[in-house]
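**Q** Below you will find the structure I want to go over with you.
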Amino acid sequence: MAELNLKQITDKLNEEFTSEERRLIFWYDDNAEFSEEIDNIELINAKVLRLEKDNQLYIKYFLEMEDRETSYLVYAPFPKPDIRENHLADTIHYSREFFVDRASLICADLNIADEYKPIIQKYVKFFAAQERLHRFYAIDVSEYDRLSIETTLISCICKIKISSFEESLRIILSDENLEENKYITELEKYGLTEAFWQQAEITFGYLDSEPTLEKLLMSLFITYAVKVMQCEVPTAWKPYISHKSGSVMAFLDNYMNNSLFSERFDELSAIIYNTIDGYKILSALPVENLLDCCIFRGIDEIILSWIKERLENEDTAATLMERTIPEISILRRKMHFGKNFRNEYFVLENAYYIIKDTNYSSVTNINDIVQNYTSVWYKTDMRYRYFNYYYDKLASDSDFEKLRTLVENIYTNDYLDRITVNWCNSFSESGGKTYISVQQNFYNDNVKNAKDRVCVIISDALRYEVGRTLLEELEADEKCSAKISVMQSVLPSKTQTGMAALLPHNTYTLNADMKAEVDGKVCDTTDAREAQLKKYEPASRCVQFDALTKMNMTELREVFTDQKVVYVYHNQIDACGDDAKTEDEVFKACEEAVEEIAKLIRRLTTSANTSHFFVTADHGFLYKRDKIYESAKISGISKQAAYYGKRFAFYGEQLKTEGVRSIALNTIYSDCDGYVFSPVGTDIIKSPGSGLNYVHGGCSPQEMLVPVIEVKTERSYTETKKAPISLITPVKKITNLVLNLEFFQSEAVSDVVKEAVYKVFFVSEDGETISNENFILAEKTDADAIHRIFKLRFSLKNKAYDSKQHYYLVAVDDSNGMEALRTEFIIDIAFAGNFGF
């Protein structure tokens, strides 16, 4: 340690003062290297006397007149004066002088060979302060030479704990000022500037007669981009391309993937992008060459513009490097700047599917419509929901307005109008029968004969496609097993009628006020519903979701203990949609509803000892973003109707009115005469009030097909594992700095095999990263193994490799840093340290 310097000096001086005779020793410390430490020297038979340039006569008087007995070390923090200016020359003549230099002590302490002592001496100013000396000593260096000494000094300036030029550079670049960088200023102060730029040349191949940090960064970013894009190099970039592309790529990959430096990387990337006129140059290149390059934010902007233009022209067959638009969107979202454009890529991905899938008109049979909707068509509603959900998150939507208009027209005219018209006509012609489970039988079909406690979560307006999203969320939890079926709601498809139908009953009818009754009672409140439930199952409760969320574990258990059936009422979607001020946020409410229900199921499993659930809804809904025009409003019906809403009307007799279809009430309600009418398609009945975009009550698959999700959970732990990967390329000897390797996700993602992200790179036997970093997102669910293969491209650092040493390809779980794969390679590359072959 650094203290050894002082101890060596102290021991040597004490040897000089062992004589019983008085002894004076003069120490001229030319560079004042030990000025701060001299007072800490502990001499056994002598004292320290500090000599200054202006007190020589006093010291001479003191030593020869005042104290002629005590031995003294006379320390002077300056060079020995010329004899004509040295008033102590005669005193020194009969005394002794002490000589020491810090470089010699440091070399002795650290076993640095004598041939490198001039290197230490060159930077001796650095070692003048104990704090800097401590830092140098604290860094473990296996073998000292000029390169390692200068690297360690640079590391000390940057205050890192290892000797690494690359780590030092990351710290230097973290200073927001490139031109007046505080670390470069410190390097200049101690004469290390030349050494720094030599290291930049050795490590990254950067050589410039007038080097700057900005030009170094230009070289790094341009070299990386050119290597990845593999296209004709722009003329303006050629002077900045380094022959050590492997080292450059490894450095920048680690820089942008390091959470400590990622934000600064983004700032530097923006600076260089603007400096090199990135948009002008890159936008002139073929877009496919940009696809795998992730170091400039502007590349995503170019790719997004390309995708948007293709979709606006309805060119869904467009590809880049054989990747479809959704595949491009998924790929770019996973890349470094994907986090900044997540919403944009999701908007485009969902727009693609809406534009691509437009053939909905051929199916007219009600059974086929139900089958097609629950297996395929619901995805269009889901895509439309997510298109608008992410569209609403855009920081600026002006660039996407044309695409939004196209999506809205296709969704409304090619999809909704066709499928809802077909549904309404077929439903009416079938006498209101879809030949699937009906809402009135929900209790008897699902709850009545359950052997364990059942919790029924009724989410107001949770339409079928949102239920599918909830199913995916639940299936991702290894403690859940879930399955979905579809159920036909009653007409009108609204809260009052649907909530009543879900209760147990013998009779389901309408009263004079057109309200649904079960067993002769209206059940519109939680208490009324609980009373009805208890008639059929005494050990039962009804409770609002909001009340449950405020309960602690003890209170939850009080609700569920000794109960066989608990109905929970959740109202997120309908509460948002029915309010004109918030109806355009209904898709956000859908996302929140899914999250809330999944969270509630997990909580009740652990805190209320409940493991059997049914999630369903009273009705669904229709939603269109654009303004509803007068032509979509049906006039005249409300004047004669017994009761009506925007999507339904009750009449005592049949009407011959265009644009509506009817169902006899007695097909739904006991002992009821008359008819319920619903607009054909997505039209609404003209009536007072706002809130026209979000509607329900009518006859459409979106309003009437509701999910029934049965969920069974486990409190005990179910063993799961991350999706494993393996290297399938048979090569184990590397003879080129660039190589392609194939990996295999050996198991498909399932309920017990979870997706994982692996960081894959090469390392030397001492742990140095020697390649760029690639990522494998092991998320494939395909049963066919051929679809679970990944191809990655690696660039090794430009350095000398020893074919007798061990090198490894490693894959690390990005979530916890655990090593998942290690394969040994031999690297035998001629001239790798000097040329970019």
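Order determines the names: the first chain of the structure tokens is A, the second B, and so forth; residues in each chain are numbered 1 upward, and ligands are numbered 1 upward as they are shown.
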Taking 3 positions as the minimum chain separation for residues in the same chain, which residues sit within 7 Å of Thr616 (chain A) when counting only C-alpha atoms? Answer as a list in words.
**A** Ile457, Ile458, Ser459, Val706, Pro707, Val708 and Ile709 of chain A
**Q** Just the residues within 12 Å of Glu143 (chain A), please, counting only C-alpha atoms, with nothing from its chain fewer than 2 positions along; format it as JSON, numbers by chain.
**A** {"A": [110, 111, 112, 113, 116, 139, 140, 141, 145, 146, 147, 148, 149, 152, 163]}
**Q** List as a VMD selection string the protein and nucleic acid residues near region 90-92 of chain A, meaning an atom at most 9 Å away when only C-alpha atoms are counted, but skip any in the same chain fewer than 2 places from it.
**A** chain A and resid 24 to 26 60 63 to 64 86 to 88 94 to 97
**Q** Take the residues from that selection and put them in a file with all heavy atoms, as a short mmCIF file (atom, residue, chain, number, x, y, z; two decimals), in the first residue's frame.
**A**
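File produced: part.cif:
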data_model
loop_
_atom_site.label_atom_id
_atom_site.label_comp_id
_atom_site.auth_asym_id
_atom_site.auth_seq_id
_atom_site.Cartn_x
_atom_site.Cartn_y
_atom_site.Cartn_z
N LEU A 24 22.93 15.43 12.20
CA LEU A 24 22.06 16.28 11.39
C LEU A 24 22.00 15.69 9.97
O LEU A 24 23.04 15.43 9.37
CB LEU A 24 22.59 17.71 11.34
CG LEU A 24 22.69 18.45 12.67
CD1 LEU A 24 23.27 19.85 12.45
CD2 LEU A 24 21.35 18.54 13.38
N ILE A 25 20.80 15.50 9.48
CA ILE A 25 20.60 14.97 8.11
C ILE A 25 19.72 15.95 7.34
O ILE A 25 18.63 16.33 7.80
CB ILE A 25 19.95 13.58 8.15
CG1 ILE A 25 20.87 12.58 8.86
CG2 ILE A 25 19.62 13.10 6.73
CD1 ILE A 25 20.29 11.20 9.00
N PHE A 26 20.20 16.37 6.18
CA PHE A 26 19.45 17.30 5.33
C PHE A 26 18.80 16.52 4.16
O PHE A 26 19.46 15.71 3.50
CB PHE A 26 20.39 18.38 4.78
CG PHE A 26 20.76 19.41 5.79
CD1 PHE A 26 21.75 19.16 6.74
CD2 PHE A 26 20.11 20.64 5.81
CE1 PHE A 26 22.09 20.12 7.68
CE2 PHE A 26 20.45 21.60 6.75
CZ PHE A 26 21.44 21.34 7.71
N LYS A 60 20.07 27.91 10.82
CA LYS A 60 21.51 27.81 11.10
C LYS A 60 21.79 28.23 12.55
O LYS A 60 22.52 27.55 13.28
CB LYS A 60 22.28 28.70 10.13
CG LYS A 60 23.80 28.65 10.30
CD LYS A 60 24.47 29.51 9.25
CE LYS A 60 25.98 29.47 9.42
NZ LYS A 60 26.55 28.16 9.13
N LEU A 63 20.33 25.53 15.04
CA LEU A 63 21.09 24.29 15.13
C LEU A 63 22.46 24.49 15.78
O LEU A 63 22.97 23.58 16.47
CB LEU A 63 21.29 23.70 13.72
CG LEU A 63 20.03 23.19 13.01
CD1 LEU A 63 20.36 22.78 11.59
CD2 LEU A 63 19.43 22.01 13.77
N GLU A 64 23.06 25.66 15.59
CA GLU A 64 24.43 25.87 16.09
C GLU A 64 24.50 26.62 17.42
O GLU A 64 25.54 26.59 18.09
CB GLU A 64 25.25 26.61 15.04
CG GLU A 64 25.44 25.80 13.76
CD GLU A 64 26.28 26.52 12.71
OE1 GLU A 64 26.70 27.67 13.02
OE2 GLU A 64 26.52 25.96 11.64
N ASN A 86 23.20 29.37 -0.41
CA ASN A 86 22.88 28.40 0.63
C ASN A 86 23.62 28.76 1.90
O ASN A 86 24.82 28.52 2.04
CB ASN A 86 23.28 26.99 0.16
CG ASN A 86 22.73 25.92 1.07
OD1 ASN A 86 22.27 26.21 2.18
ND2 ASN A 86 22.79 24.68 0.62
N HIS A 87 22.91 29.37 2.87
CA HIS A 87 23.53 29.80 4.13
C HIS A 87 23.86 28.63 5.03
O HIS A 87 24.53 28.80 6.05
CB HIS A 87 22.59 30.77 4.86
CG HIS A 87 22.23 31.98 4.04
ND1 HIS A 87 23.17 32.89 3.61
CD2 HIS A 87 21.03 32.42 3.57
CE1 HIS A 87 22.56 33.84 2.91
NE2 HIS A 87 21.25 33.56 2.87
N LEU A 88 23.38 27.45 4.68
CA LEU A 88 23.65 26.26 5.50
C LEU A 88 24.72 25.37 4.86
O LEU A 88 24.93 24.23 5.32
CB LEU A 88 22.36 25.45 5.69
CG LEU A 88 21.30 26.10 6.60
CD1 LEU A 88 19.96 25.43 6.40
CD2 LEU A 88 21.72 26.00 8.05
N TYR A 94 29.54 19.29 7.31
CA TYR A 94 29.90 18.34 8.38
C TYR A 94 28.70 17.48 8.80
O TYR A 94 28.75 16.76 9.78
CB TYR A 94 30.51 19.07 9.60
CG TYR A 94 29.60 20.04 10.30
CD1 TYR A 94 28.63 19.58 11.21
CD2 TYR A 94 29.71 21.41 10.09
CE1 TYR A 94 27.80 20.47 11.87
CE2 TYR A 94 28.90 22.31 10.76
CZ TYR A 94 27.94 21.83 11.66
OH TYR A 94 27.12 22.71 12.32
N SER A 95 27.60 17.58 8.02
CA SER A 95 26.42 16.73 8.29
C SER A 95 26.25 15.72 7.14
O SER A 95 27.20 15.49 6.39
CB SER A 95 25.17 17.61 8.39
OG SER A 95 25.33 18.57 9.41
N ARG A 96 25.05 15.16 7.01
CA ARG A 96 24.81 14.18 5.94
C ARG A 96 23.57 14.60 5.14
O ARG A 96 22.69 15.29 5.66
CB ARG A 96 24.61 12.78 6.51
CG ARG A 96 25.76 12.33 7.39
CD ARG A 96 25.63 10.87 7.78
NE ARG A 96 25.79 9.98 6.60
CZ ARG A 96 25.88 8.66 6.71
NH1 ARG A 96 25.82 8.09 7.90
NH2 ARG A 96 26.04 7.92 5.64
N GLU A 97 23.53 14.15 3.91
CA GLU A 97 22.34 14.41 3.09
C GLU A 97 21.59 13.10 2.83
O GLU A 97 22.20 12.03 2.74
CB GLU A 97 22.74 15.05 1.76
CG GLU A 97 23.16 16.51 1.87
CD GLU A 97 23.33 17.16 0.51
OE1 GLU A 97 22.27 17.37 -0.15
OE2 GLU A 97 24.48 17.43 0.12
#
**Q** Going by DSSP on the backbone, which bits of region 38-264 of chain A are strand (DSSP E)? Write them as a PyMOL selection string, please.
**A** chain A and resi 47-50+72-76+96-98
**Q** With all heavy atoms kept, could you save the residues just selected as a compact mmCIF listing (two decimals), in the first residue's frame?
**A**
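After the write, selection11.txt holds the following:
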# COMPACT_ATOMS: atom_id res chain seq x y z
N LYS A 47 14.33 14.57 15.65
CA LYS A 47 13.16 15.38 15.39
C LYS A 47 13.23 15.92 13.96
O LYS A 47 14.29 15.98 13.36
CB LYS A 47 13.07 16.55 16.37
CG LYS A 47 12.87 16.12 17.82
CD LYS A 47 12.78 17.35 18.72
CE LYS A 47 12.58 16.94 20.19
NZ LYS A 47 12.50 18.13 21.07
N VAL A 48 12.04 16.33 13.47
CA VAL A 48 11.96 16.89 12.13
C VAL A 48 11.96 18.41 12.23
O VAL A 48 11.22 18.99 13.03
CB VAL A 48 10.70 16.42 11.38
CG1 VAL A 48 10.59 17.12 10.02
CG2 VAL A 48 10.70 14.90 11.21
N LEU A 49 12.79 19.03 11.43
CA LEU A 49 12.86 20.48 11.39
C LEU A 49 12.62 20.90 9.94
O LEU A 49 13.36 20.50 9.05
CB LEU A 49 14.23 20.96 11.87
CG LEU A 49 14.37 22.46 12.17
CD1 LEU A 49 13.42 22.89 13.28
CD2 LEU A 49 15.81 22.77 12.56
N ARG A 50 11.57 21.68 9.69
CA ARG A 50 11.21 22.06 8.33
C ARG A 50 11.99 23.32 7.93
O ARG A 50 11.93 24.34 8.61
CB ARG A 50 9.71 22.30 8.22
CG ARG A 50 9.24 22.61 6.78
CD ARG A 50 7.74 22.85 6.75
NE ARG A 50 7.00 21.61 6.80
CZ ARG A 50 6.58 20.92 5.74
NH1 ARG A 50 6.88 21.37 4.53
NH2 ARG A 50 5.89 19.82 5.88
N TYR A 72 18.59 16.03 14.30
CA TYR A 72 17.49 16.58 13.50
C TYR A 72 17.55 16.07 12.06
O TYR A 72 18.64 15.91 11.48
CB TYR A 72 17.54 18.11 13.45
CG TYR A 72 17.02 18.77 14.72
CD1 TYR A 72 17.91 19.21 15.71
CD2 TYR A 72 15.65 18.94 14.90
CE1 TYR A 72 17.43 19.80 16.86
CE2 TYR A 72 15.17 19.55 16.05
CZ TYR A 72 16.04 19.97 17.03
OH TYR A 72 15.57 20.56 18.17
N LEU A 73 16.31 15.84 11.52
CA LEU A 73 16.14 15.69 10.08
C LEU A 73 15.67 17.05 9.58
O LEU A 73 14.57 17.50 9.93
CB LEU A 73 15.10 14.61 9.74
CG LEU A 73 14.65 14.57 8.28
CD1 LEU A 73 15.80 14.14 7.37
CD2 LEU A 73 13.45 13.63 8.09
N VAL A 74 16.48 17.69 8.78
CA VAL A 74 16.11 19.00 8.24
C VAL A 74 15.51 18.77 6.85
O VAL A 74 16.22 18.38 5.91
CB VAL A 74 17.34 19.93 8.17
CG1 VAL A 74 16.91 21.30 7.66
CG2 VAL A 74 18.00 20.04 9.54
N TYR A 75 14.21 18.98 6.76
CA TYR A 75 13.48 18.71 5.52
C TYR A 75 13.23 20.01 4.77
O TYR A 75 12.67 20.97 5.33
CB TYR A 75 12.14 18.01 5.81
CG TYR A 75 11.28 17.86 4.58
CD1 TYR A 75 11.53 16.84 3.66
CD2 TYR A 75 10.22 18.73 4.33
CE1 TYR A 75 10.76 16.69 2.52
CE2 TYR A 75 9.43 18.60 3.20
CZ TYR A 75 9.71 17.58 2.29
OH TYR A 75 8.95 17.44 1.16
N ALA A 76 13.60 20.04 3.48
CA ALA A 76 13.41 21.22 2.64
C ALA A 76 12.58 20.83 1.42
O ALA A 76 13.04 20.03 0.60
CB ALA A 76 14.75 21.79 2.20
N ARG A 96 25.05 15.16 7.01
CA ARG A 96 24.81 14.18 5.94
C ARG A 96 23.57 14.60 5.14
O ARG A 96 22.69 15.29 5.66
CB ARG A 96 24.61 12.78 6.51
CG ARG A 96 25.76 12.33 7.39
CD ARG A 96 25.63 10.87 7.78
NE ARG A 96 25.79 9.98 6.60
CZ ARG A 96 25.88 8.66 6.71
NH1 ARG A 96 25.82 8.09 7.90
NH2 ARG A 96 26.04 7.92 5.64
N GLU A 97 23.53 14.15 3.91
CA GLU A 97 22.34 14.41 3.09
C GLU A 97 21.59 13.10 2.83
O GLU A 97 22.20 12.03 2.74
CB GLU A 97 22.74 15.05 1.76
CG GLU A 97 23.16 16.51 1.87
CD GLU A 97 23.33 17.16 0.51
OE1 GLU A 97 22.27 17.37 -0.15
OE2 GLU A 97 24.48 17.43 0.12
N PHE A 98 20.27 13.24 2.70
CA PHE A 98 19.39 12.07 2.46
C PHE A 98 18.73 12.25 1.09
O PHE A 98 18.21 13.32 0.77
CB PHE A 98 18.32 11.99 3.55
CG PHE A 98 17.35 10.85 3.38
CD1 PHE A 98 17.75 9.54 3.65
CD2 PHE A 98 16.05 11.06 2.95
CE1 PHE A 98 16.87 8.49 3.50
CE2 PHE A 98 15.17 10.02 2.80
CZ PHE A 98 15.57 8.73 3.08
**Q** Write out as a list of chain:residue names the residues lying within 10 Å of Ala649 (chain A), counting only C-alpha atoms and excluding same-chain residues fewer than 4 positions away.
**A** A:Pro492, A:Ile637, A:Ser638, A:Gln640, A:Ala641, A:Ala642, A:Tyr643, A:Tyr644, A:Gly645, A:Val660, A:Ser662, A:Tyr675, A:Val676, A:Phe677, A:Ser678, A:Pro679, A:Ile685, A:Gly697, A:Gly698
**Q** Could you give me, as a ChimeraX atom specification, each residue of region 222-377 of chain A that DSSP assigns to alpha helix (DSSP H) when run on this structure's backbone?
**A** /A:222-229,245-257,262-275,278-282,297-312,325-334,342-356,366-372
**Q** Which residue gives the smallest distance to Glu201 (chain A) among A:Ser168, A:Asn506, A:Thr561, A:Ser242, with only C-alpha atoms counted?
**A**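 Of A:Ser168, A:Asn506, A:Thr561, A:Ser242, the one nearest Glu201 (chain A), counting only C-alpha atoms, is A:Ser242.
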**Q** Write out as a ChimeraX atom specification which residues come within 10 Å of Ala575 (chain A) when counting only C-alpha atoms, dropping same-chain ones fewer than 3 positions away.
**A** /A:460-461,570-572,578-579,582-583,586,589
**Q** Once you have the residues from the selection above, write them out as a PDB file, in the first residue's frame, restricted to N, CA, C and O atoms.
**A**
ATOM      1  N   ASP A 460     -68.513  -5.239 -15.530  1.00  0.00           N
ATOM      2  CA  ASP A 460     -69.478  -4.532 -16.373  1.00  0.00           C
ATOM      3  C   ASP A 460     -68.840  -4.156 -17.711  1.00  0.00           C
ATOM      4  O   ASP A 460     -67.844  -3.442 -17.758  1.00  0.00           O
ATOM      5  N   ALA A 461     -69.434  -4.679 -18.815  1.00  0.00           N
ATOM      6  CA  ALA A 461     -69.030  -4.359 -20.188  1.00  0.00           C
ATOM      7  C   ALA A 461     -67.719  -5.028 -20.615  1.00  0.00           C
ATOM      8  O   ALA A 461     -67.084  -4.596 -21.568  1.00  0.00           O
ATOM      9  N   HIS A 570     -67.556  -5.657 -10.530  1.00  0.00           N
ATOM     10  CA  HIS A 570     -66.448  -4.797 -10.959  1.00  0.00           C
ATOM     11  C   HIS A 570     -66.949  -3.859 -12.061  1.00  0.00           C
ATOM     12  O   HIS A 570     -67.573  -4.301 -13.025  1.00  0.00           O
ATOM     13  N   ASN A 571     -66.690  -2.580 -11.914  1.00  0.00           N
ATOM     14  CA  ASN A 571     -67.214  -1.615 -12.882  1.00  0.00           C
ATOM     15  C   ASN A 571     -66.142  -0.596 -13.261  1.00  0.00           C
ATOM     16  O   ASN A 571     -66.061   0.488 -12.703  1.00  0.00           O
ATOM     17  N   GLN A 572     -65.313  -0.972 -14.210  1.00  0.00           N
ATOM     18  CA  GLN A 572     -64.276  -0.072 -14.715  1.00  0.00           C
ATOM     19  C   GLN A 572     -64.613   0.395 -16.126  1.00  0.00           C
ATOM     20  O   GLN A 572     -64.611   1.586 -16.416  1.00  0.00           O
ATOM     21  N   ASP A 578     -69.720   5.037 -20.228  1.00  0.00           N
ATOM     22  CA  ASP A 578     -71.039   5.670 -20.138  1.00  0.00           C
ATOM     23  C   ASP A 578     -70.979   7.162 -19.844  1.00  0.00           C
ATOM     24  O   ASP A 578     -71.989   7.850 -19.925  1.00  0.00           O
ATOM     25  N   ASP A 579     -69.823   7.654 -19.479  1.00  0.00           N
ATOM     26  CA  ASP A 579     -69.650   9.078 -19.213  1.00  0.00           C
ATOM     27  C   ASP A 579     -69.104   9.746 -20.481  1.00  0.00           C
ATOM     28  O   ASP A 579     -68.030   9.398 -20.967  1.00  0.00           O
ATOM     29  N   THR A 582     -65.526  10.824 -20.613  1.00  0.00           N
ATOM     30  CA  THR A 582     -64.430   9.844 -20.581  1.00  0.00           C
ATOM     31  C   THR A 582     -64.607   8.694 -21.569  1.00  0.00           C
ATOM     32  O   THR A 582     -63.803   7.765 -21.574  1.00  0.00           O
ATOM     33  N   GLU A 583     -65.651   8.724 -22.412  1.00  0.00           N
ATOM     34  CA  GLU A 583     -65.914   7.561 -23.263  1.00  0.00           C
ATOM     35  C   GLU A 583     -64.762   7.264 -24.217  1.00  0.00           C
ATOM     36  O   GLU A 583     -64.534   6.113 -24.588  1.00  0.00           O
ATOM     37  N   VAL A 586     -62.194   4.628 -23.015  1.00  0.00           N
ATOM     38  CA  VAL A 586     -62.719   3.308 -22.659  1.00  0.00           C
ATOM     39  C   VAL A 586     -61.706   2.198 -22.923  1.00  0.00           C
ATOM     40  O   VAL A 586     -61.658   1.195 -22.186  1.00  0.00           O
ATOM     41  N   ALA A 589     -59.512   2.006 -20.093  1.00  0.00           N
ATOM     42  CA  ALA A 589     -60.243   1.355 -19.006  1.00  0.00           C
ATOM     43  C   ALA A 589     -60.249  -0.160 -19.173  1.00  0.00           C
ATOM     44  O   ALA A 589     -60.204  -0.900 -18.182  1.00  0.00           O
TER      45      ALA A 589
END
**Q** Could you tell me which of A:Ile120, A:Thr667, A:His505, A:Ser362 comes closest to Asp414 (chain A) if we count only C-alpha atoms?
**A**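 Between A:Ile120, A:Thr667, A:His505, A:Ser362, the residue approaching Asp414 (chain A) most closely is A:Ser362.
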**Q** A:Ser803, A:Thr507, A:Thr713, A:Asn177: which is nearest Phe614 (chain A), counting only C-alpha atoms?
**A**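 Smallest distance to Phe614 (chain A) is found for A:Thr713.
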